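S.K.: My structure is in model09.pdb, and what it holds is PDB, C-alpha atoms:
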ATOM      1  CA  GLY A 121      44.718  22.877 146.949
ATOM      2  CA  HIS A 122      47.650  21.237 145.238
ATOM      3  CA  ASP A 123      46.428  17.683 145.983
ATOM      4  CA  ARG A 124      43.036  18.380 144.453
ATOM      5  CA  ASP A 125      44.605  19.860 141.299
ATOM      6  CA  GLU A 126      46.859  16.839 140.976
ATOM      7  CA  LEU A 127      43.888  14.515 141.380
ATOM      8  CA  ARG A 128      42.003  16.348 138.632
ATOM      9  CA  ALA A 129      45.019  16.149 136.341
ATOM     10  CA  ARG A 130      45.274  12.406 136.924
ATOM     11  CA  SER A 131      41.557  12.050 136.244
ATOM     12  CA  ARG A 132      41.993  13.837 132.905
ATOM     13  CA  ASP A 133      44.894  11.551 132.036
ATOM     14  CA  LEU A 134      42.849   8.465 132.873
ATOM     15  CA  THR A 135      39.989   9.721 130.703
ATOM     16  CA  THR A 136      42.402  10.245 127.815
ATOM     17  CA  TYR A 137      43.985   6.803 128.178
ATOM     18  CA  ALA A 138      40.599   5.115 128.514
ATOM     19  CA  GLY A 139      39.369   6.899 125.394
ATOM     20  CA  GLU A 140      42.439   5.821 123.427
ATOM     21  CA  LEU A 141      42.004   2.220 124.550
ATOM     22  CA  LEU A 142      38.308   2.118 123.671
ATOM     23  CA  ALA A 143      38.895   3.801 120.312
ATOM     24  CA  SER A 144      41.614   1.274 119.524
ATOM     25  CA  ARG A 145      39.305  -1.595 120.417
ATOM     26  CA  ALA A 146      36.523  -0.073 118.314
ATOM     27  CA  ARG A 147      38.791   0.233 115.274
ATOM     28  CA  GLY A 148      39.715  -3.418 115.722
ATOM     29  CA  GLY A 149      36.080  -4.502 115.959
ATOM     30  CA  ALA A 150      36.504  -5.523 119.593
ATOM     31  CA  LEU A 151      34.136  -2.977 121.178
ATOM     32  CA  ASP A 152      30.424  -3.714 121.405
ATOM     33  CA  PRO A 153      28.617  -1.083 119.241
ATOM     34  CA  ARG A 154      25.970  -0.832 121.961
ATOM     35  CA  ALA A 155      28.511   1.178 123.963
ATOM     36  CA  ALA A 156      27.718   4.124 121.689
ATOM     37  CA  ALA A 157      24.308   4.637 123.289
ATOM     38  CA  ALA A 158      25.947   5.202 126.681
ATOM     39  CA  LEU A 159      28.553   7.567 125.257
ATOM     40  CA  ARG A 160      26.441   9.843 123.033
ATOM     41  CA  PRO A 161      24.958  11.974 125.884
ATOM     42  CA  VAL A 162      28.490  13.067 126.894
ATOM     43  CA  LEU A 163      28.804  14.989 123.609
ATOM     44  CA  ASP A 164      26.297  17.566 124.853
ATOM     45  CA  VAL A 165      28.091  18.248 128.159
ATOM     46  CA  ALA A 166      30.846  20.872 127.871
ATOM     47  CA  HIS A 167      33.799  20.762 130.255
ATOM     48  CA  LYS A 168      36.694  23.113 130.931
ATOM     49  CA  TYR A 169      39.409  20.907 129.451
ATOM     50  CA  GLU A 170      37.040  18.938 127.212
ATOM     51  CA  ASN A 171      38.966  15.700 127.781
ATOM     52  CA  ARG A 172      35.730  13.736 128.157
ATOM     53  CA  ARG A 173      34.164  14.907 124.902
ATOM     54  CA  ILE A 174      37.486  14.493 123.078
ATOM     55  CA  ALA A 175      37.706  10.867 124.227
ATOM     56  CA  VAL A 176      34.055  10.119 123.477
ATOM     57  CA  ALA A 177      34.184  11.712 120.016
ATOM     58  CA  SER A 178      37.190   9.560 119.168
ATOM     59  CA  VAL A 179      35.444   6.376 120.311
ATOM     60  CA  LEU A 180      32.207   7.161 118.472
ATOM     61  CA  GLY A 181      34.177   7.963 115.340
ATOM     62  CA  ALA A 182      36.028   4.656 115.607
ATOM     63  CA  LEU A 183      32.660   2.910 115.988
ATOM     64  CA  ARG A 184      31.399   4.823 112.916
ATOM     65  CA  ASP A 185      28.286   5.625 114.919
ATOM     66  CA  ARG A 186      25.952   7.530 112.589
ATOM     67  CA  GLU A 187      23.496   8.339 115.368
ATOM     68  CA  SER A 188      26.143  10.582 116.946
ATOM     69  CA  VAL A 189      26.532  12.733 113.809
ATOM     70  CA  PRO A 190      23.991  15.462 114.803
ATOM     71  CA  ALA A 191      25.671  15.959 118.209
ATOM     72  CA  LEU A 192      29.139  15.999 116.628
ATOM     73  CA  ILE A 193      27.983  18.602 114.106
ATOM     74  CA  ARG A 194      26.563  20.723 116.944
ATOM     75  CA  ILE A 195      29.986  20.747 118.608
ATOM     76  CA  LEU A 196      31.527  22.181 115.450
ATOM     77  CA  GLU A 197      28.735  24.720 115.091
ATOM     78  CA  VAL A 198      28.849  26.128 118.625
ATOM     79  CA  THR A 199      32.538  25.832 119.517
ATOM     80  CA  ARG A 200      34.553  28.861 118.483
ATOM     81  CA  ILE A 201      38.164  29.750 119.332
ATOM     82  CA  ALA A 202      38.500  33.493 119.891
ATOM     83  CA  SER A 203      42.220  33.621 120.677
ATOM     84  CA  ALA A 204      45.281  31.492 121.379
ATOM     85  CA  LEU A 205      44.415  31.546 125.093
ATOM     86  CA  ASP A 206      40.872  30.439 124.312
ATOM     87  CA  ALA A 207      42.213  27.453 122.350
ATOM     88  CA  VAL A 208      42.913  25.354 125.469
ATOM     89  CA  GLY A 209      40.707  22.272 125.221
ATOM     90  CA  LYS A 210      38.723  23.633 122.276
ATOM     91  CA  GLU A 211      41.466  23.114 119.709
ATOM     92  CA  GLU A 212      41.758  19.406 120.402
ATOM     93  CA  LEU A 213      37.982  19.025 120.774
ATOM     94  CA  LEU A 214      37.338  20.509 117.336
ATOM     95  CA  ALA A 215      40.068  18.366 115.775
ATOM     96  CA  ALA A 216      38.795  15.172 117.420
ATOM     97  CA  THR A 217      35.203  15.949 116.457
ATOM     98  CA  ALA A 218      36.142  16.649 112.846
ATOM     99  CA  ALA A 219      38.180  13.444 112.713
ATOM    100  CA  ALA A 220      35.217  11.480 114.097
ATOM    101  CA  LEU A 221      32.919  12.896 111.429
ATOM    102  CA  GLY A 222      35.478  11.958 108.808
ATOM    103  CA  ALA A 223      35.685   8.403 110.134
ATOM    104  CA  ILE A 224      31.902   8.119 109.974
ATOM    105  CA  GLY A 225      31.826   9.725 106.524
ATOM    106  CA  ASP A 226      28.356  11.242 106.655
ATOM    107  CA  PRO A 227      27.772  13.921 103.950
ATOM    108  CA  ALA A 228      25.545  15.799 106.414
ATOM    109  CA  ALA A 229      28.754  17.061 108.033
ATOM    110  CA  VAL A 230      29.988  18.839 104.879
ATOM    111  CA  PRO A 231      28.660  22.342 105.767
ATOM    112  CA  ALA A 232      30.034  22.309 109.326
ATOM    113  CA  LEU A 233      33.410  20.955 108.230
ATOM    114  CA  SER A 234      33.598  23.531 105.449
ATOM    115  CA  LYS A 235      32.967  26.328 107.919
ATOM    116  CA  LEU A 236      35.681  25.058 110.257
ATOM    117  CA  ILE A 237      38.196  24.989 107.398
ATOM    118  CA  GLY A 238      37.566  28.693 106.870
ATOM    119  CA  ALA A 239      37.878  29.638 110.560
ATOM    120  CA  PRO A 240      40.440  32.443 111.025
ATOM    121  CA  GLY A 241      43.597  32.324 113.139
ATOM    122  CA  ARG A 242      46.625  30.076 113.423
ATOM    123  CA  TYR A 243      45.096  28.568 116.562
ATOM    124  CA  ASN A 244      42.584  26.907 114.216
ATOM    125  CA  ASP A 245      45.307  25.151 112.197
ATOM    126  CA  GLU A 246      44.996  21.792 113.952
ATOM    127  CA  PRO A 247      41.180  21.700 113.647
ATOM    128  CA  ARG A 248      41.454  23.031 110.077
ATOM    129  CA  ALA A 249      43.697  20.150 108.989
ATOM    130  CA  ALA A 250      41.429  17.581 110.642
ATOM    131  CA  ALA A 251      38.373  19.181 109.038
ATOM    132  CA  ALA A 252      39.998  19.179 105.590
ATOM    133  CA  VAL A 253      40.811  15.466 105.818
ATOM    134  CA  ALA A 254      37.316  14.741 107.152
ATOM    135  CA  LEU A 255      35.679  16.794 104.415
ATOM    136  CA  VAL A 256      37.410  14.659 101.788
ATOM    137  CA  ALA A 257      35.979  11.515 103.402
ATOM    138  CA  CYS A 258      32.468  12.996 103.500
ATOM    139  CA  VAL A 259      32.696  14.209  99.894
ATOM    140  CA  ASP A 260      33.899  10.766  98.826
ATOM    141  CA  ALA A 261      30.876   9.257 100.591
ATOM    142  CA  ALA A 262      28.501  11.703  98.893
ATOM    143  CA  GLY A 263      29.893  11.012  95.421
ATOM    144  CA  LYS A 264      28.567  13.225  92.643
ATOM    145  CA  ALA A 265      25.994  14.721  95.003
ATOM    146  CA  ALA A 266      28.713  16.553  96.962
ATOM    147  CA  ALA A 267      28.662  20.351  96.827
ATOM    148  CA  ILE A 268      32.117  21.882  97.331
ATOM    149  CA  ASP A 269      32.206  25.643  97.756
ATOM    150  CA  ASP A 270      35.042  27.490  96.030
ATOM    151  CA  GLY A 271      35.616  29.332  99.310
ATOM    152  CA  VAL A 272      36.654  26.067 100.953
ATOM    153  CA  LEU A 273      39.377  25.462  98.379
ATOM    154  CA  GLU A 274      40.536  29.046  98.696
ATOM    155  CA  ALA A 275      40.756  28.699 102.488
ATOM    156  CA  ILE A 276      42.887  25.566 102.073
ATOM    157  CA  ALA A 277      45.080  27.328  99.499
ATOM    158  CA  ARG A 278      45.663  30.200 101.952
ATOM    159  CA  ALA A 279      46.493  27.722 104.699
ATOM    160  CA  ILE A 280      49.045  26.040 102.442
ATOM    161  CA  ASP A 281      50.551  29.388 101.532
ATOM    162  CA  GLN A 282      50.948  30.338 105.197
ATOM    163  CA  ALA A 283      52.042  26.902 106.476
ATOM    164  CA  ASP A 284      55.333  26.630 108.361
ATOM    165  CA  ASP A 285      54.993  22.942 109.277
ATOM    166  CA  ASP A 286      55.718  20.209 106.711
ATOM    167  CA  GLU A 287      53.115  17.743 107.958
ATOM    168  CA  TYR A 288      50.402  20.408 108.024
ATOM    169  CA  ALA A 289      51.341  21.590 104.523
ATOM    170  CA  ALA A 290      51.322  17.999 103.272
ATOM    171  CA  GLU A 291      47.899  17.217 104.759
ATOM    172  CA  MET A 292      46.388  20.377 103.316
ATOM    173  CA  HIS A 293      47.894  19.709  99.892
ATOM    174  CA  LEU A 294      46.417  16.217  99.742
ATOM    175  CA  ALA A 295      43.011  17.425 100.917
ATOM    176  CA  TYR A 296      43.066  20.188  98.300
ATOM    177  CA  GLY A 297      43.976  17.751  95.537
ATOM    178  CA  ALA A 298      41.245  15.288  96.516
ATOM    179  CA  LEU A 299      38.576  17.997  96.732
ATOM    180  CA  ALA A 300      39.655  19.525  93.418
ATOM    181  CA  ARG A 301      39.405  16.092  91.833
ATOM    182  CA  ALA A 302      35.740  15.906  92.849
ATOM    183  CA  LEU A 303      34.884  19.093  90.934
ATOM    184  CA  PRO A 304      33.482  19.190  87.391
ATOM    185  CA  GLY A 305      35.945  19.804  84.524
ATOM    186  CA  GLU A 306      36.428  23.593  84.317
ATOM    187  CA  ARG A 307      36.284  24.133  88.062
ATOM    188  CA  ARG A 308      38.718  21.277  88.588
ATOM    189  CA  ALA A 309      41.198  22.780  86.126
ATOM    190  CA  ALA A 310      40.891  26.221  87.740
ATOM    191  CA  ALA A 311      41.401  24.772  91.223
ATOM    192  CA  ARG A 312      44.508  22.900  90.110
ATOM    193  CA  GLN A 313      45.898  26.046  88.524
ATOM    194  CA  ARG A 314      45.366  27.951  91.768
ATOM    195  CA  LEU A 315      47.402  25.333  93.615
ATOM    196  CA  LEU A 316      50.100  25.333  90.941
ATOM    197  CA  GLU A 317      50.496  29.113  91.175
ATOM    198  CA  LEU A 318      51.271  29.116  94.895
ATOM    199  CA  GLU A 319      54.892  30.162  95.380
ATOM    200  CA  LEU A 320      56.147  27.987  98.208
ATOM    201  CA  GLU A 321      59.543  27.401  99.768
ATOM    202  CA  LEU A 322      59.510  23.666 100.462
ATOM    203  CA  ASP A 323      62.328  21.225 101.087
ATOM    204  CA  PRO A 324      62.751  19.510  97.680
ATOM    205  CA  GLY A 325      63.265  16.160  99.410
ATOM    206  CA  GLY A 326      60.666  16.647 102.127
ATOM    207  CA  VAL A 327      57.254  15.085 102.591
ATOM    208  CA  ALA A 328      55.463  18.389 101.925
ATOM    209  CA  MET A 329      57.000  18.635  98.450
ATOM    210  CA  LEU A 330      56.095  15.017  97.756
ATOM    211  CA  ALA A 331      52.512  15.724  98.849
ATOM    212  CA  ARG A 332      52.428  18.845  96.659
ATOM    213  CA  ARG A 333      53.516  16.936  93.590
ATOM    214  CA  ALA A 334      51.011  14.186  94.344
ATOM    215  CA  ALA A 335      48.206  16.701  94.947
ATOM    216  CA  LEU A 336      48.791  18.334  91.571
ATOM    217  CA  VAL A 337      48.399  14.907  89.957
ATOM    218  CA  ILE A 338      45.369  13.972  92.058
ATOM    219  CA  ALA A 339      43.685  17.249  91.085
ATOM    220  CA  THR A 340      43.777  16.300  87.397
ATOM    221  CA  GLY A 341      41.426  13.397  88.049
ATOM    222  CA  GLU A 342      43.695  11.103  86.058
ATOM    223  CA  ALA A 343      46.411   8.570  86.903
ATOM    224  CA  PRO A 344      49.997   9.814  86.506
ATOM    225  CA  GLU A 345      51.872   8.651  83.435
ATOM    226  CA  GLY A 346      55.351   8.689  81.931
ATOM    227  CA  ASP A 347      58.080  10.673  83.651
ATOM    228  CA  THR A 348      55.652  12.085  86.224
ATOM    229  CA  ALA A 349      54.613   8.621  87.343
ATOM    230  CA  ALA A 350      58.204   7.339  87.371
ATOM    231  CA  SER A 351      59.435  10.269  89.442
ATOM    232  CA  LEU A 352      56.614  10.040  91.971
ATOM    233  CA  ARG A 353      56.965   6.276  92.211
ATOM    234  CA  ALA A 354      60.649   6.608  93.034
ATOM    235  CA  ARG A 355      59.916   9.198  95.726
ATOM    236  CA  VAL A 356      57.153   7.106  97.284
ATOM    237  CA  HIS A 357      59.387   4.019  97.208
ATOM    238  CA  ALA A 358      62.205   5.892  98.957
ATOM    239  CA  ALA A 359      59.870   7.344 101.589
ATOM    240  CA  LEU A 360      58.376   3.945 102.408
ATOM    241  CA  ARG A 361      61.681   2.062 102.502
ATOM    242  CA  ASP A 362      63.664   4.650 104.437
ATOM    243  CA  PRO A 363      61.420   6.861 106.585
ATOM    244  CA  GLY A 364      64.318   8.010 108.784
ATOM    245  CA  TYR A 365      65.554   7.340 112.299
ATOM    246  CA  ASP A 366      63.428   9.796 114.267
ATOM    247  CA  HIS A 367      60.450   7.683 115.355
ATOM    248  CA  ASP A 368      57.844  10.459 115.581
ATOM    249  CA  ALA A 369      58.949  12.119 112.332
ATOM    250  CA  ALA A 370      58.966   8.737 110.578
ATOM    251  CA  ILE A 371      55.404   7.974 111.699
ATOM    252  CA  ARG A 372      54.190  11.368 110.474
ATOM    253  CA  SER A 373      55.961  10.937 107.151
ATOM    254  CA  LEU A 374      54.628   7.414 106.633
ATOM    255  CA  ARG A 375      51.100   8.574 107.360
ATOM    256  CA  ILE A 376      51.351  11.149 104.580
ATOM    257  CA  VAL A 377      52.939   8.711 102.131
ATOM    258  CA  LEU A 378      50.263   6.097 102.802
ATOM    259  CA  ALA A 379      47.599   8.745 102.187
ATOM    260  CA  ILE A 380      49.257   9.429  98.819
ATOM    261  CA  ALA A 381      49.308   5.701  98.100
ATOM    262  CA  ALA A 382      45.585   5.447  98.856
ATOM    263  CA  ARG A 383      44.856   8.091  96.210
ATOM    264  CA  LEU A 384      47.455   6.956  93.688
ATOM    265  CA  PRO A 385      47.837   3.196  94.268
ATOM    266  CA  ARG A 386      49.793   2.627  91.052
ATOM    267  CA  LEU A 387      52.731   4.449  92.607
ATOM    268  CA  VAL A 388      53.214   1.717  95.207
ATOM    269  CA  ASP A 389      54.961  -1.607  94.861
ATOM    270  CA  ALA A 390      53.448  -4.243  97.141
ATOM    271  CA  ALA A 391      56.932  -5.093  98.364
ATOM    272  CA  ASP A 392      57.218  -1.576  99.819
ATOM    273  CA  LEU A 393      54.387  -2.320 102.229
ATOM    274  CA  VAL A 394      55.894  -5.502 103.696
TER
END
Go through the file and emit its structure as structure tokens.
M.R.:
Amino acid sequence: GHDRDELRARSRDLTTYAGELLASRARGGALDPRAAAALRPVLDVAHKYENRRIAVASVLGALRDRESVPALIRILEVTRIASALDAVGKEELLAATAAALGAIGDPAAVPALSKLIGAPGRYNDEPRAAAAVALVACVDAAGKAAAIDDGVLEAIARAIDQADDDEYAAEMHLAYGALARALPGERRAAARQRLLELELELDPGGVAMLARRAALVIATGEAPEGDTAASLRARVHAALRDPGYDHDAAIRSLRIVLAIAARLPRLVDAADLV
């Protein structure tokens, strides 16, 4: 009845809050790594709302637990979203799993993450963005040994072209730029040109346009110079010093700007980070 449904809802909420707390402690180095052994078996147990596996994936990612990588990859391989209705639970599970693999940074996850990036349907947008960011981390970890399929970059380019959300467009731009940067010379130049040729209607002063301009620089594989560097530096400075009054929007914007700063550190004045 109603009471039982309410109890289940509260149980899901508690699982979510507990997962967030444990993940936060793990990121701060305050969670015993031995906890991972108790959590790993949960990854193989599917649940209707998937709140348990979402929480556990987040904690294991925060612990950077490499022994959980095979189970996390299996989740990506077997979990498919067939429709918007089918996305309940699965969408967040795929995103959390991809993010965990990115936090761990194991190159073994590259094929599964690449496949998720190419998954069709707007209901895969959240997992796609998480997978793109995670793929960058795994490619960075692999170094020159990383194999990036052209189809992955094309899937990200299509996602950018179809994006109607600034944060999503910004994340995908930065992932594209970072992946293009990892390519050898001719492929890198071709990938950058593909991004340049996209005809997008972006707010000139918005975070997506800033990310686009940064991505085009990142894709060259070289540090920005001259007018390009000065213009980007001014935009990054403004975004860090005045992120706006809407708390949630400001947090999202700052996350994107800090991701740009991580790739192009010369654009940031240390005073902007105080």
S.K.: Could you tell me which residues the PyMOL selection byres ((chain A and resi 267) around 12) returns for this structure, as a PyMOL selection string?
M.R.: chain A and resi 227-231+234+255-256+258-266+268-273+299-300+302-304
S.K.: Store the residues picked out above in a file with C-alpha atoms, as a PDB file, in the coordinates of the input.
M.R.:
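Contents of selection-v1.pdb, freshly written:
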ATOM      1  CA  PRO A 227      27.772  13.921 103.950  1.00  0.00           C
ATOM      2  CA  ALA A 228      25.545  15.799 106.414  1.00  0.00           C
ATOM      3  CA  ALA A 229      28.754  17.061 108.033  1.00  0.00           C
ATOM      4  CA  VAL A 230      29.988  18.839 104.879  1.00  0.00           C
ATOM      5  CA  PRO A 231      28.660  22.342 105.767  1.00  0.00           C
ATOM      6  CA  SER A 234      33.598  23.531 105.449  1.00  0.00           C
ATOM      7  CA  LEU A 255      35.679  16.794 104.415  1.00  0.00           C
ATOM      8  CA  VAL A 256      37.410  14.659 101.788  1.00  0.00           C
ATOM      9  CA  CYS A 258      32.468  12.996 103.500  1.00  0.00           C
ATOM     10  CA  VAL A 259      32.696  14.209  99.894  1.00  0.00           C
ATOM     11  CA  ASP A 260      33.899  10.766  98.826  1.00  0.00           C
ATOM     12  CA  ALA A 261      30.876   9.257 100.591  1.00  0.00           C
ATOM     13  CA  ALA A 262      28.501  11.703  98.893  1.00  0.00           C
ATOM     14  CA  GLY A 263      29.893  11.012  95.421  1.00  0.00           C
ATOM     15  CA  LYS A 264      28.567  13.225  92.643  1.00  0.00           C
ATOM     16  CA  ALA A 265      25.994  14.721  95.003  1.00  0.00           C
ATOM     17  CA  ALA A 266      28.713  16.553  96.962  1.00  0.00           C
ATOM     18  CA  ILE A 268      32.117  21.882  97.331  1.00  0.00           C
ATOM     19  CA  ASP A 269      32.206  25.643  97.756  1.00  0.00           C
ATOM     20  CA  ASP A 270      35.042  27.490  96.030  1.00  0.00           C
ATOM     21  CA  GLY A 271      35.616  29.332  99.310  1.00  0.00           C
ATOM     22  CA  VAL A 272      36.654  26.067 100.953  1.00  0.00           C
ATOM     23  CA  LEU A 273      39.377  25.462  98.379  1.00  0.00           C
ATOM     24  CA  LEU A 299      38.576  17.997  96.732  1.00  0.00           C
ATOM     25  CA  ALA A 300      39.655  19.525  93.418  1.00  0.00           C
ATOM     26  CA  ALA A 302      35.740  15.906  92.849  1.00  0.00           C
ATOM     27  CA  LEU A 303      34.884  19.093  90.934  1.00  0.00           C
ATOM     28  CA  PRO A 304      33.482  19.190  87.391  1.00  0.00           C
TER      29      PRO A 304
END
S.K.: I'd like the contact shell of region 204-214 of chain A - 8 Å cut-off, all atoms listed in the file, skipping same-chain residues fewer than 6 positions apart - returned as number ranges by chain.
M.R.: A: 168-171, 173-174, 195-196, 243-244, 246-247
S.K.: What's around region 376-389 of chain A at 8 Å? Count all atoms listed in the file, leave out sequence neighbours fewer than 6 positions away in its own chain, and write the answer as a list of chain:residue names.
M.R.: A:Glu287, A:Ala290, A:Glu291, A:Leu294, A:Val327, A:Ala331, A:Ala334, A:Ile338, A:Ala343, A:Ala349, A:Leu352, A:Arg353, A:Val356, A:His357, A:Ala359, A:Leu360
S.K.: Mind pulling up the distance from CA of Pro324 (chain A) to CA of Gly238 (chain A)?
M.R.: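 Rounded to one decimal, the two atoms are 28.3 Å apart.
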S.K.: Ranking A:Ala150, A:Ala369, A:Val198, A:Ala328 by minimum distance to Arg355 (chain A) and counting only C-alpha atoms, which one comes first?
M.R.: A:Ala328
S.K.: Within 10 Å of (47.1, 23.7, 99.8) (coordinates as in the file), grab all the protein and nucleic acid residues, counting only C-alpha atoms, and write them out as a list in words.
M.R.: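 The requested residues, written out, are Leu273, Glu274, Ala275, Ile276, Ala277, Arg278, Ala279, Ile280, Asp281, Gln282, Ala283, Tyr288, Ala289, Ala290, Glu291, Met292, His293, Leu294, Ala295, Tyr296, Gly297, Arg314, Leu315, Leu316, Leu318, Ala331, Arg332, Ala335 and Leu336 of chain A.
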S.K.: Which is closer to Asp284 (chain A) than all the others in A:Leu192, A:Ala223, A:Asp323, A:Asp347, using only C-alpha atoms?
M.R.: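 Distance minimum relative to Asp284 (chain A) lands on A:Asp323.
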S.K.: So how many Å separate CA of Val337 (chain A) and CA of His367 (chain A), to one decimal?
M.R.: 29.0 Å
